[in-house]
Amino acid sequence: MQSSSTHEHPVSFHPWWQVMCLTGVDYFSTLGYQPGIAVLAAGDMAPIATLILVLVTLFGALPVYRNVARLSPHGEGSIAMLENSLPWWHGKFLVLILLGFAGTDFIITITLSAADATAHLIKNPLLVRWLDGQEIPLTLILIALLGALFLKGFREVIGVAVVIVVVYLGLNLAVIGMGIYQISLHPMVFPQWQAGLSAHYHNPWIVLGMSVLLFPKLALGLSGFETGVVVMPLVKGDPTDQESNPVGRIRNTHHLLVTAAVIMSLFLLASIWVTTLLIPTDAFQPGGQANGRALAYLAHRYLGEIFGTVYDVSTITILWFAGASALAGLLNLVPRYLPRYGMAPEWTRAVKPLVIIFMAITFAITLIFRANVDAQGAAYATGVLVLMSSAAIAVALFFHRQRSRWSTAIFAAIALVFIYTTIINIIERPDGIRLAIFFITTIVTTSLISRVFRSTELRVTSIELDDSAQEILSKYQHQSIHLIAHRRFKGEFQEYRQKEQYTRHNNHISKGDPLVFLEVDVVDASVFVDAIHVEGIHLDKYKILRVQSSAAPNAIAALLLYLRDHTGHLPSVYFGWTEGNPLEYLLRFLLFGEGDIPILTREVLRRAEPDPQNRPRIHVSG
């Protein structure tokens, strides 16, 4: 019988602030390009639109993910919460769709970060004369180096992430501080900004309303929360933590989320203000010196070329590490879901084949977008916003089940904000949804094909027998067992009596040979691999083994092999022929776990046991 054995690497635990730095290489690295994208999208209203973004972060995203951390403390995240809320196939398809958006998020994180790292490299005054115009090849080289590290067994080191984040935030603090100092030396920049804003919008309420409408274009600044809950298993909790309710880990993850959100909010607000007030508008345009690197522009201009180059190196490093964080997220996400659904070959659990596939995709995306930071922003925002919307919906559904009206209303309202932002982002910049649809279509299509080809695998990890089932089987320790496959209707004595007479007559079984009835109840056909439970039932003189499983043929085959191994004799099972369209029965098997059970059971046995002499016997009559 097939078994699943996993060799898990021991998990090392770290203080929450160190794990925050691991998520920060993704979250904080957006400072490298967010100010430039914000000003390019919102112009003079960028600071006010960014304030809206900060409010949504602190009073929308943060409460949502604090609850996700509390309700899913083992790193499953919001996708698993929705999966548990929706059983059967609709839950599985929802997960596949969300995986498509998550793939968009993580893939674009890699390509966008590499493209922005390249922008900092090319526009460095010391290198511009040699590297100008080489955006695409340099971005591809950075991505290739990232893939090479993972192919050699790269694992993210929290200690390295801590150094990268601390240095990067320290340099940004110096640049922003110098920017504030320059504004104090030139106090007219603020009235000039106000005048420019008033020239277009005379009413402050119109400015506020327009900022709300422009906020979706700045949604890149919301990234990082999903990563924050995925890395929860690394967070050190209390010695008294229980696996079912790790109170200390949840509390410390809340510290992580709150601290990261506050730090990012402060840096975003300050960076947007200094870049908007100090950098000429034309410098933000494509080809301009501040395009995709607004803070780097200020670093070179006000702190000198040496400091600016150090800042560039730090920015390139954290952006490159953000790609590593995203690739690690993909390598954790895909094996967690698709093979378990039977919707991917077993080799997708291995790192190296997945790395090669993801590298090929990132190369293609880089070529399609021509390593342009601004062009990829929409695709990135789409993935981030859909995941945040799904998280808010998952939390709202939880409180709805708990009959908490106020909490349900609050998180439903937050979900509506994220859904609105997602829709606006998709309408104005459809590249993101196109890319997500491509990923979703690819995942769903290949998943269904894989599920079809893997449907006749054994798919059973273990068999559990209750005391009554063990008592029934104990009488057959040294003899072959004859099983009658039976579909239960009313479960009355007469029903079993007629089935026994029919089976003995059609298969020439003498009355002296004992028979045991075997019944399979399909509980959730969308589950691919499961542990089956066998219940023993005594009904007058009849002995019944009742099994709960996701697929009847696979459960019968697994039980037959179990009986062979535990009795030392080949068991036999007796079926009646089914009547109907074979194609219809095939679809019933794939969707509902039933179908033409005799033929499918034999096929499962054939794949599980190559030697016909050791294969349990299948008898079909009628």
# chains A, B, ... in the order shown; residues from 1 in each chain; ligands from 1
>>> closest_atom_pairs(of="segment 52-121 of chain A", to="segment 284-299 of chain A", cutoff="7 Å", atoms="only C-alpha atoms", output="tab-separated table")
residue	atom	partner	partner_atom	distance
A:Asp116	CA	A:Gly292	CA	6.3
A:Ala119	CA	A:Gly292	CA	6.9
A:His120	CA	A:Arg293	CA	6.4
>>> select_by_dssp(residues="segment 430-512 of chain A", states="alpha helix (DSSP H)", output="number ranges by chain")
A: 431-454, 467-474, 493-507
>>> closest_residue(among="A:Tyr562, A:Tyr168, A:Pro15, A:Ala80", to="Ser314 of chain A", atoms="only C-alpha atoms")
A:Tyr168
>>> closest_residue(among="A:Gly383, A:Pro187, A:Gly329, A:Pro280", to="Val231 of chain A", atoms="only C-alpha atoms")
A:Gly329
>>> closest_residue(among="A:Arg66, A:Lys123, A:His400, A:His566", to="Thr253 of chain A", atoms="only C-alpha atoms")
A:Arg66
>>> residues_around(residues="Tyr311 of chain A", least_positions_apart="2", cutoff="9 Å", atoms="only C-alpha atoms", output="list in words")
Tyr168, Leu171, Asn172, Ala296, Ala299, His300, Ile306, Phe307, Gly308, Thr309, Val313, Ser314, Thr315 and Ile316 of chain A
>>> residues_around(residues="Phe101 of chain A", least_positions_apart="2", cutoff="6 Å", atoms="only C-alpha atoms", output="list in words")
Leu98, Leu99, Gly103, Thr104, Gly383 and Ala436 of chain A
>>> closest_residue(among="A:Leu208, A:Val247, A:Gly177, A:Tyr380", to="Pro430 of chain A", atoms="only C-alpha atoms")
A:Tyr380
>>> closest_residue(among="A:Arg488, A:His538, A:Arg301, A:His255", to="Asn124 of chain A", atoms="only C-alpha atoms")
A:Arg301
>>> closest_residue(among="A:Val95, A:Trp577, A:Glu305, A:His482", to="Leu127 of chain A", atoms="only C-alpha atoms")
A:Glu305
>>> residues_around(residues="Phe106 of chain A", least_positions_apart="3", cutoff="7 Å", atoms="only C-alpha atoms", output="number ranges by chain")
A: 102-103, 109-110, 326-327, 330
